[in-house]
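To start, the structure itself, in structure tokens.
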Amino acid sequence: MSSIDVINGGILTTIQDSGRYGYQELGIPTSGVMDDYNYRLANILVGNKLDEAVLEMTYFGPTLKFNEDLTLAITGSDMNPKINGQPAPMFETIKVKAGDTLQFGKVNEGVRGYLAFGGSIDVPVVNGSKSTHIKTKMGGIDGRALKPKDTLNIVGSKDKTMRRIPEKYLPKFNHCNLLRVVLGPQDDYFTEKGIHDLFRSGGYQVTKDFDRMGIRLKGTSIEHKETADIISDGTTFGSIQVPANGQPIILVADRQTTGGYTKIGNVITPDLHKLAQMSFLDKILFQKVTIEEAQKATLDYRNKFETIKKESVI
């Protein structure tokens, strides 16, 4: 087992994995990583299973000191990582020595970065997941973000393969993203004009109100036939709620388990990771796709990581 001392926790650094599924009926949010794509790349680089827990860093990353030799990888937004004061590479396997210090700074582009370790972060599994949900104080380290004087213990991995993500698979951080959407489950609550405006209005801007629960957008008002209210039903990552003011809200990782606003559609799985890296005034365009098209795109997305794993070996 390897240990890591937290010198500085950064702005919001939490332990996250693929999520806490199967408990929404009990009012327990799924949580999990915001950016599934960079999360999986990080685990590929250190030889972990794709759903192993990592550190999700927001805007400004932590400072960590390693007490034993360890393998790690950094993906997602560039937060100027440095090892012992020297620039550290991203999107490739890194070996650190006992006594080394890894320091992150302010993000250059995007919002969130990911740090994976070769092995498993030794924290309790709560309802099938290590993910941190701060509002309920569940998962991770006491259900909170990292802070100074914390210690992370890593149960080591035997995988010593060195990898680098090929350039063609590196993520691009755009200030305007096209998100594919499947209509429903309450698209019948909207007028034809409302549905048309969602896809043809010229897009929506991200407002200042965005976090791990949801992203409020501003743009052409989406018209309801009568009411925006429904009997509360289940939510998913990517649900597009439209309250009475007609301005859409995209629900994300830490969303509430149920909601009483009409949901006009859902962003498809392969496009969800784009939301994690968007911030104030960034623009979103929506494109309608069928369920069959969404299923094919999701299957292609899942299969892509096996190809990346094979092609990343140095």
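Ligands are numbered from 1 in the order shown, residues from 1 within each chain, and chains are lettered A, B, ... in the order they appear in the structure tokens.
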Could you name the residues that touch A:Ser3 at 7 Å or less, counting only C-alpha atoms, but leaving out those on the same chain fewer than 6 positions away, as a list in words?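 In the requested format, the answer is Phe66, Asn67, Glu68, Thr151, Leu152, Asn153 and Ile154 of chain A.
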So which residues touch A:Lys283 within 6 Å, counting only C-alpha atoms, skipping near sequence neighbours fewer than 2 positions away, as a list in words?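 Neighbouring residues, sequence-local ones excluded: Cys176, Tyr204 and Gln205 of chain A.
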Any chance you could export the current selection's all heavy atoms as a compact mmCIF listing (two decimals), in the first residue's frame?
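File part-v6.txt, as written:
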# COMPACT_ATOMS: atom_id res chain seq x y z
N CYS A 176 -18.20 26.11 -27.84
CA CYS A 176 -19.49 25.84 -28.46
C CYS A 176 -19.56 24.35 -28.76
O CYS A 176 -18.69 23.83 -29.48
CB CYS A 176 -19.68 26.65 -29.73
SG CYS A 176 -21.28 26.37 -30.55
N TYR A 204 -28.08 27.89 -27.01
CA TYR A 204 -28.27 28.39 -25.65
C TYR A 204 -26.92 28.63 -24.99
O TYR A 204 -25.97 27.88 -25.22
CB TYR A 204 -29.10 27.38 -24.84
CG TYR A 204 -30.53 27.28 -25.33
CD1 TYR A 204 -30.86 26.48 -26.41
CD2 TYR A 204 -31.54 28.02 -24.72
CE1 TYR A 204 -32.16 26.41 -26.88
CE2 TYR A 204 -32.85 27.96 -25.18
CZ TYR A 204 -33.15 27.15 -26.26
OH TYR A 204 -34.44 27.10 -26.72
N GLN A 205 -26.88 29.66 -24.15
CA GLN A 205 -25.65 29.98 -23.43
C GLN A 205 -25.70 29.42 -22.02
O GLN A 205 -26.76 29.42 -21.37
CB GLN A 205 -25.44 31.49 -23.37
CG GLN A 205 -24.82 32.06 -24.64
CD GLN A 205 -24.41 33.51 -24.44
OE1 GLN A 205 -25.08 34.26 -23.76
NE2 GLN A 205 -23.31 33.91 -25.06
To one decimal place in Å, what is the distance between atom CA of A:Leu179 and atom CA of A:Thr191?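 Computing the Euclidean distance for atom CA of A:Leu179 and atom CA of A:Thr191 yields 21.3 Å.
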Quick one: of A:Gly19, A:Gly259, A:Pro62, A:Gly140, who's nearest to A:Phe104, counting only C-alpha atoms? A:Pro62
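Using only C-alpha atoms, the smallest distance between any of A:Val6, A:Met278, A:Ala116, A:Leu26 and A:Asp51 comes from A:Ala116.
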Could you pull the residues within 7 Å of stretch 228-244 of chain A, counting only C-alpha atoms, minus those fewer than 6 positions along the same chain, as a PDB file with N, CA and C atoms, in the first residue's frame?
ATOM      1  N   ILE A 250     -30.016  21.548 -17.712  1.00  0.00           N
ATOM      2  CA  ILE A 250     -29.513  20.190 -17.933  1.00  0.00           C
ATOM      3  C   ILE A 250     -29.044  19.625 -16.601  1.00  0.00           C
ATOM      4  N   LEU A 251     -29.612  18.494 -16.203  1.00  0.00           N
ATOM      5  CA  LEU A 251     -29.236  17.865 -14.945  1.00  0.00           C
ATOM      6  C   LEU A 251     -28.003  16.988 -15.154  1.00  0.00           C
ATOM      7  N   VAL A 252     -27.088  17.027 -14.170  1.00  0.00           N
ATOM      8  CA  VAL A 252     -25.837  16.277 -14.318  1.00  0.00           C
ATOM      9  C   VAL A 252     -25.590  15.371 -13.107  1.00  0.00           C
ATOM     10  N   ALA A 253     -24.344  15.109 -12.760  1.00  0.00           N
ATOM     11  CA  ALA A 253     -23.986  14.005 -11.862  1.00  0.00           C
ATOM     12  C   ALA A 253     -24.668  14.032 -10.496  1.00  0.00           C
ATOM     13  N   THR A 257     -32.834  13.160  -7.306  1.00  0.00           N
ATOM     14  CA  THR A 257     -33.277  11.869  -7.845  1.00  0.00           C
ATOM     15  C   THR A 257     -34.586  11.965  -8.619  1.00  0.00           C
ATOM     16  N   THR A 258     -35.453  12.909  -8.251  1.00  0.00           N
ATOM     17  CA  THR A 258     -36.700  13.125  -8.981  1.00  0.00           C
ATOM     18  C   THR A 258     -36.889  14.613  -9.222  1.00  0.00           C
ATOM     19  N   GLY A 259     -37.757  14.941 -10.174  1.00  0.00           N
ATOM     20  CA  GLY A 259     -38.013  16.344 -10.460  1.00  0.00           C
ATOM     21  C   GLY A 259     -39.431  16.552 -10.946  1.00  0.00           C
ATOM     22  N   GLY A 260     -39.984  17.727 -10.663  1.00  0.00           N
ATOM     23  CA  GLY A 260     -41.363  18.029 -11.002  1.00  0.00           C
ATOM     24  C   GLY A 260     -41.541  18.949 -12.189  1.00  0.00           C
ATOM     25  N   TYR A 261     -40.447  19.201 -12.953  1.00  0.00           N
ATOM     26  CA  TYR A 261     -40.548  19.988 -14.176  1.00  0.00           C
ATOM     27  C   TYR A 261     -40.556  19.055 -15.389  1.00  0.00           C
ATOM     28  N   THR A 262     -41.229  19.476 -16.420  1.00  0.00           N
ATOM     29  CA  THR A 262     -41.256  18.712 -17.666  1.00  0.00           C
ATOM     30  C   THR A 262     -39.853  18.557 -18.242  1.00  0.00           C
ATOM     31  N   LYS A 263     -39.581  17.371 -18.774  1.00  0.00           N
ATOM     32  CA  LYS A 263     -38.290  17.083 -19.405  1.00  0.00           C
ATOM     33  C   LYS A 263     -38.537  16.878 -20.895  1.00  0.00           C
ATOM     34  N   ILE A 264     -37.995  17.779 -21.688  1.00  0.00           N
ATOM     35  CA  ILE A 264     -38.242  17.750 -23.124  1.00  0.00           C
ATOM     36  C   ILE A 264     -37.379  16.713 -23.834  1.00  0.00           C
ATOM     37  N   GLY A 265     -36.241  16.381 -23.238  1.00  0.00           N
ATOM     38  CA  GLY A 265     -35.348  15.421 -23.873  1.00  0.00           C
ATOM     39  C   GLY A 265     -34.194  15.073 -22.969  1.00  0.00           C
ATOM     40  N   ASN A 266     -33.283  14.252 -23.507  1.00  0.00           N
ATOM     41  CA  ASN A 266     -32.100  13.825 -22.744  1.00  0.00           C
ATOM     42  C   ASN A 266     -30.881  13.813 -23.652  1.00  0.00           C
ATOM     43  N   VAL A 267     -29.804  14.436 -23.201  1.00  0.00           N
ATOM     44  CA  VAL A 267     -28.528  14.392 -23.928  1.00  0.00           C
ATOM     45  C   VAL A 267     -28.032  12.959 -23.931  1.00  0.00           C
ATOM     46  N   LEU A 272     -22.304  13.500 -23.024  1.00  0.00           N
ATOM     47  CA  LEU A 272     -22.420  14.030 -21.662  1.00  0.00           C
ATOM     48  C   LEU A 272     -21.116  14.631 -21.151  1.00  0.00           C
TER      49      LEU A 272
END
Interatomic distance between atom CA of A:Asn84 and atom CA of A:Lys65?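 Distance between the two atoms: 9.6 Å.
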Quick one: residues within 10 Å of A:Pro171, only C-alpha atoms, excluding same-chain residues fewer than 6 positions away - as a PyMOL selection string? chain A and resi 37-38+41+75-77+91+273-274
Residues from last step as file, all heavy atoms, as an mmCIF file, in the first residue's frame:
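result.cif written:
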data_model
loop_
_atom_site.group_PDB
_atom_site.id
_atom_site.type_symbol
_atom_site.label_atom_id
_atom_site.label_comp_id
_atom_site.auth_asym_id
_atom_site.auth_seq_id
_atom_site.Cartn_x
_atom_site.Cartn_y
_atom_site.Cartn_z
ATOM 1 N N TYR A 37 -15.339 10.629 -20.233
ATOM 2 C CA TYR A 37 -14.306 10.365 -21.227
ATOM 3 C C TYR A 37 -12.909 10.492 -20.625
ATOM 4 O O TYR A 37 -12.089 9.567 -20.702
ATOM 5 C CB TYR A 37 -14.467 11.314 -22.413
ATOM 6 C CG TYR A 37 -13.538 11.000 -23.571
ATOM 7 C CD1 TYR A 37 -13.814 9.938 -24.421
ATOM 8 C CD2 TYR A 37 -12.395 11.754 -23.821
ATOM 9 C CE1 TYR A 37 -12.973 9.627 -25.487
ATOM 10 C CE2 TYR A 37 -11.555 11.464 -24.879
ATOM 11 C CZ TYR A 37 -11.849 10.398 -25.712
ATOM 12 O OH TYR A 37 -11.008 10.083 -26.744
ATOM 13 N N ASN A 38 -12.636 11.620 -19.995
ATOM 14 C CA ASN A 38 -11.315 11.816 -19.401
ATOM 15 C C ASN A 38 -11.080 10.892 -18.213
ATOM 16 O O ASN A 38 -9.946 10.486 -17.945
ATOM 17 C CB ASN A 38 -11.139 13.279 -18.999
ATOM 18 C CG ASN A 38 -10.770 14.149 -20.180
ATOM 19 O OD1 ASN A 38 -9.662 14.065 -20.702
ATOM 20 N ND2 ASN A 38 -11.697 14.981 -20.626
ATOM 21 N N LEU A 41 -9.967 7.608 -19.744
ATOM 22 C CA LEU A 41 -8.598 7.723 -20.260
ATOM 23 C C LEU A 41 -7.583 7.629 -19.130
ATOM 24 O O LEU A 41 -6.540 6.969 -19.261
ATOM 25 C CB LEU A 41 -8.418 9.052 -21.004
ATOM 26 C CG LEU A 41 -9.170 9.259 -22.315
ATOM 27 C CD1 LEU A 41 -8.738 10.578 -22.957
ATOM 28 C CD2 LEU A 41 -8.971 8.101 -23.279
ATOM 29 N N THR A 75 -5.445 13.649 -16.751
ATOM 30 C CA THR A 75 -6.206 13.914 -17.973
ATOM 31 C C THR A 75 -7.170 15.074 -17.723
ATOM 32 O O THR A 75 -7.227 15.635 -16.633
ATOM 33 C CB THR A 75 -7.003 12.677 -18.414
ATOM 34 O OG1 THR A 75 -7.961 12.353 -17.405
ATOM 35 C CG2 THR A 75 -6.084 11.480 -18.646
ATOM 36 N N GLY A 76 -7.939 15.405 -18.747
ATOM 37 C CA GLY A 76 -8.929 16.481 -18.614
ATOM 38 C C GLY A 76 -8.314 17.846 -18.834
ATOM 39 O O GLY A 76 -7.378 18.018 -19.623
ATOM 40 N N SER A 77 -8.827 18.831 -18.120
ATOM 41 C CA SER A 77 -8.354 20.207 -18.274
ATOM 42 C C SER A 77 -6.923 20.360 -17.772
ATOM 43 O O SER A 77 -6.524 19.732 -16.794
ATOM 44 C CB SER A 77 -9.274 21.154 -17.494
ATOM 45 O OG SER A 77 -10.578 21.117 -18.013
ATOM 46 N N PHE A 91 -1.905 13.019 -20.141
ATOM 47 C CA PHE A 91 -2.351 11.981 -21.071
ATOM 48 C C PHE A 91 -1.270 10.934 -21.351
ATOM 49 O O PHE A 91 -1.213 10.363 -22.427
ATOM 50 C CB PHE A 91 -2.856 12.604 -22.380
ATOM 51 C CG PHE A 91 -4.064 13.474 -22.171
ATOM 52 C CD1 PHE A 91 -3.933 14.852 -22.103
ATOM 53 C CD2 PHE A 91 -5.323 12.920 -22.021
ATOM 54 C CE1 PHE A 91 -5.034 15.666 -21.895
ATOM 55 C CE2 PHE A 91 -6.431 13.732 -21.805
ATOM 56 C CZ PHE A 91 -6.294 15.101 -21.745
ATOM 57 N N HIS A 273 -19.993 14.027 -21.510
ATOM 58 C CA HIS A 273 -18.702 14.487 -20.977
ATOM 59 C C HIS A 273 -18.392 15.925 -21.395
ATOM 60 O O HIS A 273 -17.657 16.640 -20.709
ATOM 61 C CB HIS A 273 -17.574 13.551 -21.410
ATOM 62 C CG HIS A 273 -17.289 13.564 -22.885
ATOM 63 N ND1 HIS A 273 -16.334 14.380 -23.434
ATOM 64 C CD2 HIS A 273 -17.842 12.873 -23.909
ATOM 65 C CE1 HIS A 273 -16.296 14.193 -24.746
ATOM 66 N NE2 HIS A 273 -17.201 13.282 -25.064
ATOM 67 N N LYS A 274 -18.967 16.364 -22.513
ATOM 68 C CA LYS A 274 -18.721 17.737 -22.970
ATOM 69 C C LYS A 274 -19.250 18.758 -21.966
ATOM 70 O O LYS A 274 -18.683 19.840 -21.799
ATOM 71 C CB LYS A 274 -19.374 17.961 -24.333
ATOM 72 C CG LYS A 274 -18.847 17.068 -25.444
ATOM 73 C CD LYS A 274 -19.621 17.299 -26.728
ATOM 74 C CE LYS A 274 -19.172 16.350 -27.835
ATOM 75 N NZ LYS A 274 -19.959 16.556 -29.080
#
Expressed in Å, the length from atom CA of A:Val182 to atom CA of A:Ile268 is 6.9 Å
Which polymer residues have any atom within 10 Å of an atom of A:Lys135, counting only C-alpha atoms, with same-chain residues fewer than 4 positions away left out, as a list in words? Pro29, Gly143, Arg144 and Asp254 of chain A
Once DSSP has gone over the backbone, tell me which residues of stretch 7-174 of chain A are in strand (DSSP E or B), as a tab-separated table (two decimals) with C-alpha atoms, in the first residue's frame.
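Okay, this is what ended up in result-v1.tsv:
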chain	number	residue	atom	x	y	z
A	7	ILE	CA	-0.75	19.45	1.29
A	8	ASN	CA	-3.47	21.52	-0.36
A	12	LEU	CA	-12.93	21.27	-5.13
A	13	THR	CA	-11.15	17.94	-5.37
A	14	THR	CA	-13.28	14.87	-4.70
A	15	ILE	CA	-13.04	11.12	-5.03
A	16	GLN	CA	-15.36	9.94	-7.82
A	54	VAL	CA	-10.05	8.80	-9.31
A	55	LEU	CA	-9.65	12.37	-8.10
A	56	GLU	CA	-11.85	14.88	-9.89
A	57	MET	CA	-10.33	18.37	-9.72
A	58	THR	CA	-12.25	21.59	-10.37
A	60	PHE	CA	-7.62	24.63	-9.31
A	63	THR	CA	-0.84	19.67	-4.00
A	64	LEU	CA	0.12	16.11	-3.08
A	65	LYS	CA	3.25	14.50	-1.60
A	66	PHE	CA	4.00	10.84	-2.31
A	70	LEU	CA	3.60	5.22	-7.50
A	71	THR	CA	2.16	5.29	-11.01
A	72	LEU	CA	-0.33	8.01	-11.96
A	73	ALA	CA	-1.92	9.79	-14.90
A	74	ILE	CA	-3.43	13.24	-15.45
A	75	THR	CA	-6.21	13.91	-17.97
A	76	GLY	CA	-8.93	16.48	-18.61
A	82	LYS	CA	4.27	20.12	-11.89
A	83	ILE	CA	6.33	17.43	-10.21
A	86	GLN	CA	8.98	20.83	-13.22
A	87	PRO	CA	6.14	20.57	-15.77
A	92	GLU	CA	0.50	9.58	-20.43
A	94	ILE	CA	3.84	8.93	-15.02
A	95	LYS	CA	6.03	7.26	-12.42
A	96	VAL	CA	6.73	9.24	-9.25
A	101	THR	CA	5.45	16.47	-4.83
A	102	LEU	CA	2.76	16.96	-7.44
A	103	GLN	CA	1.31	20.45	-7.62
A	106	LYS	CA	-5.30	27.21	-12.16
A	112	ARG	CA	-12.28	19.71	-14.58
A	113	GLY	CA	-9.18	17.56	-14.51
A	114	TYR	CA	-8.70	13.92	-13.49
A	115	LEU	CA	-5.94	12.20	-11.56
A	116	ALA	CA	-5.79	8.40	-11.51
A	117	PHE	CA	-3.40	6.24	-9.50
A	119	GLY	CA	-4.30	0.82	-7.96
A	120	SER	CA	-7.36	1.49	-5.86
A	121	ILE	CA	-8.05	4.48	-3.59
A	126	VAL	CA	-20.94	3.07	0.13
A	129	SER	CA	-19.57	3.29	-5.01
A	133	HIS	CA	-21.72	13.44	-2.66
A	138	MET	CA	-21.68	10.32	1.46
A	141	ILE	CA	-13.39	10.86	2.58
A	144	ARG	CA	-16.35	15.93	1.52
A	151	THR	CA	-4.00	11.03	3.66
A	152	LEU	CA	-4.88	8.94	0.62
A	153	ASN	CA	-3.96	5.27	0.71
A	154	ILE	CA	-3.53	3.42	-2.58
A	155	VAL	CA	-3.70	-0.35	-2.83
A	156	GLY	CA	-1.07	-0.96	-5.52
A	163	ARG	CA	1.01	4.25	-22.09
A	164	ARG	CA	0.33	7.48	-23.94
To test your reading of the structure, identify every residue in stretch 97-262 of chain A that backbone DSSP assigns to helix (DSSP H, G or I), and report it as a list of chain:residue names.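 For stretch 97-262 of chain A, the helix (DSSP H, G or I) set is A:Ile134, A:Lys135, A:Thr136, A:Glu167, A:Lys168, A:Tyr169, A:Asp187, A:Asp188, A:Tyr189, A:Glu192, A:Lys193, A:Gly194, A:Ile195, A:His196, A:Asp197, A:Leu198, A:Phe199, A:Arg200.
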Could those selected residues go to a file with N, CA, C and O atoms, as a short mmCIF file (atom, residue, chain, number, x, y, z; two decimals), in the first residue's frame?
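File part-v2.cif, as written:
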data_model
loop_
_atom_site.label_atom_id
_atom_site.label_comp_id
_atom_site.auth_asym_id
_atom_site.auth_seq_id
_atom_site.Cartn_x
_atom_site.Cartn_y
_atom_site.Cartn_z
N ILE A 134 -21.32 15.59 -1.64
CA ILE A 134 -21.06 16.50 -0.53
C ILE A 134 -22.33 16.86 0.24
O ILE A 134 -22.31 16.94 1.48
N LYS A 135 -23.44 17.08 -0.44
CA LYS A 135 -24.66 17.53 0.25
C LYS A 135 -25.18 16.49 1.24
O LYS A 135 -25.77 16.83 2.26
N THR A 136 -24.99 15.22 0.93
CA THR A 136 -25.42 14.15 1.85
C THR A 136 -24.27 13.60 2.68
O THR A 136 -24.46 12.68 3.46
N GLU A 167 -2.73 11.13 -30.18
CA GLU A 167 -3.26 12.49 -30.37
C GLU A 167 -4.69 12.49 -30.89
O GLU A 167 -5.50 13.35 -30.51
N LYS A 168 -5.03 11.55 -31.76
CA LYS A 168 -6.37 11.55 -32.36
C LYS A 168 -7.47 11.30 -31.34
O LYS A 168 -8.64 11.57 -31.60
N TYR A 169 -7.10 10.80 -30.14
CA TYR A 169 -8.10 10.54 -29.10
C TYR A 169 -8.10 11.60 -28.00
O TYR A 169 -8.89 11.51 -27.06
N ASP A 187 -42.03 15.25 -23.92
CA ASP A 187 -42.01 16.14 -25.08
C ASP A 187 -43.43 16.49 -25.55
O ASP A 187 -43.63 17.51 -26.21
N ASP A 188 -44.42 15.66 -25.17
CA ASP A 188 -45.80 15.96 -25.56
C ASP A 188 -46.40 17.12 -24.77
O ASP A 188 -47.51 17.57 -25.05
N TYR A 189 -45.67 17.63 -23.78
CA TYR A 189 -46.12 18.80 -23.02
C TYR A 189 -45.73 20.11 -23.72
O TYR A 189 -46.07 21.18 -23.24
N GLU A 192 -45.30 22.45 -30.92
CA GLU A 192 -44.39 22.19 -32.04
C GLU A 192 -43.33 23.28 -32.13
O GLU A 192 -42.16 23.02 -32.42
N LYS A 193 -43.78 24.51 -31.88
CA LYS A 193 -42.83 25.63 -31.89
C LYS A 193 -41.78 25.46 -30.80
O LYS A 193 -40.59 25.73 -31.02
N GLY A 194 -42.19 25.02 -29.60
CA GLY A 194 -41.26 24.82 -28.50
C GLY A 194 -40.18 23.81 -28.85
O GLY A 194 -38.98 24.05 -28.60
N ILE A 195 -40.60 22.70 -29.44
CA ILE A 195 -39.63 21.67 -29.84
C ILE A 195 -38.74 22.18 -30.96
O ILE A 195 -37.52 21.96 -30.96
N HIS A 196 -39.34 22.90 -31.91
CA HIS A 196 -38.56 23.48 -33.01
C HIS A 196 -37.50 24.44 -32.47
O HIS A 196 -36.34 24.42 -32.90
N ASP A 197 -37.88 25.27 -31.51
CA ASP A 197 -36.95 26.26 -30.96
C ASP A 197 -35.78 25.62 -30.22
O ASP A 197 -34.67 26.16 -30.22
N LEU A 198 -36.03 24.48 -29.58
CA LEU A 198 -34.94 23.79 -28.88
C LEU A 198 -33.80 23.47 -29.84
O LEU A 198 -32.62 23.63 -29.51
N PHE A 199 -34.17 23.03 -31.05
CA PHE A 199 -33.16 22.57 -32.00
C PHE A 199 -32.77 23.61 -33.05
O PHE A 199 -31.71 23.48 -33.66
N ARG A 200 -33.60 24.63 -33.25
CA ARG A 200 -33.35 25.56 -34.36
C ARG A 200 -33.23 27.02 -33.94
O ARG A 200 -33.19 27.90 -34.79
#
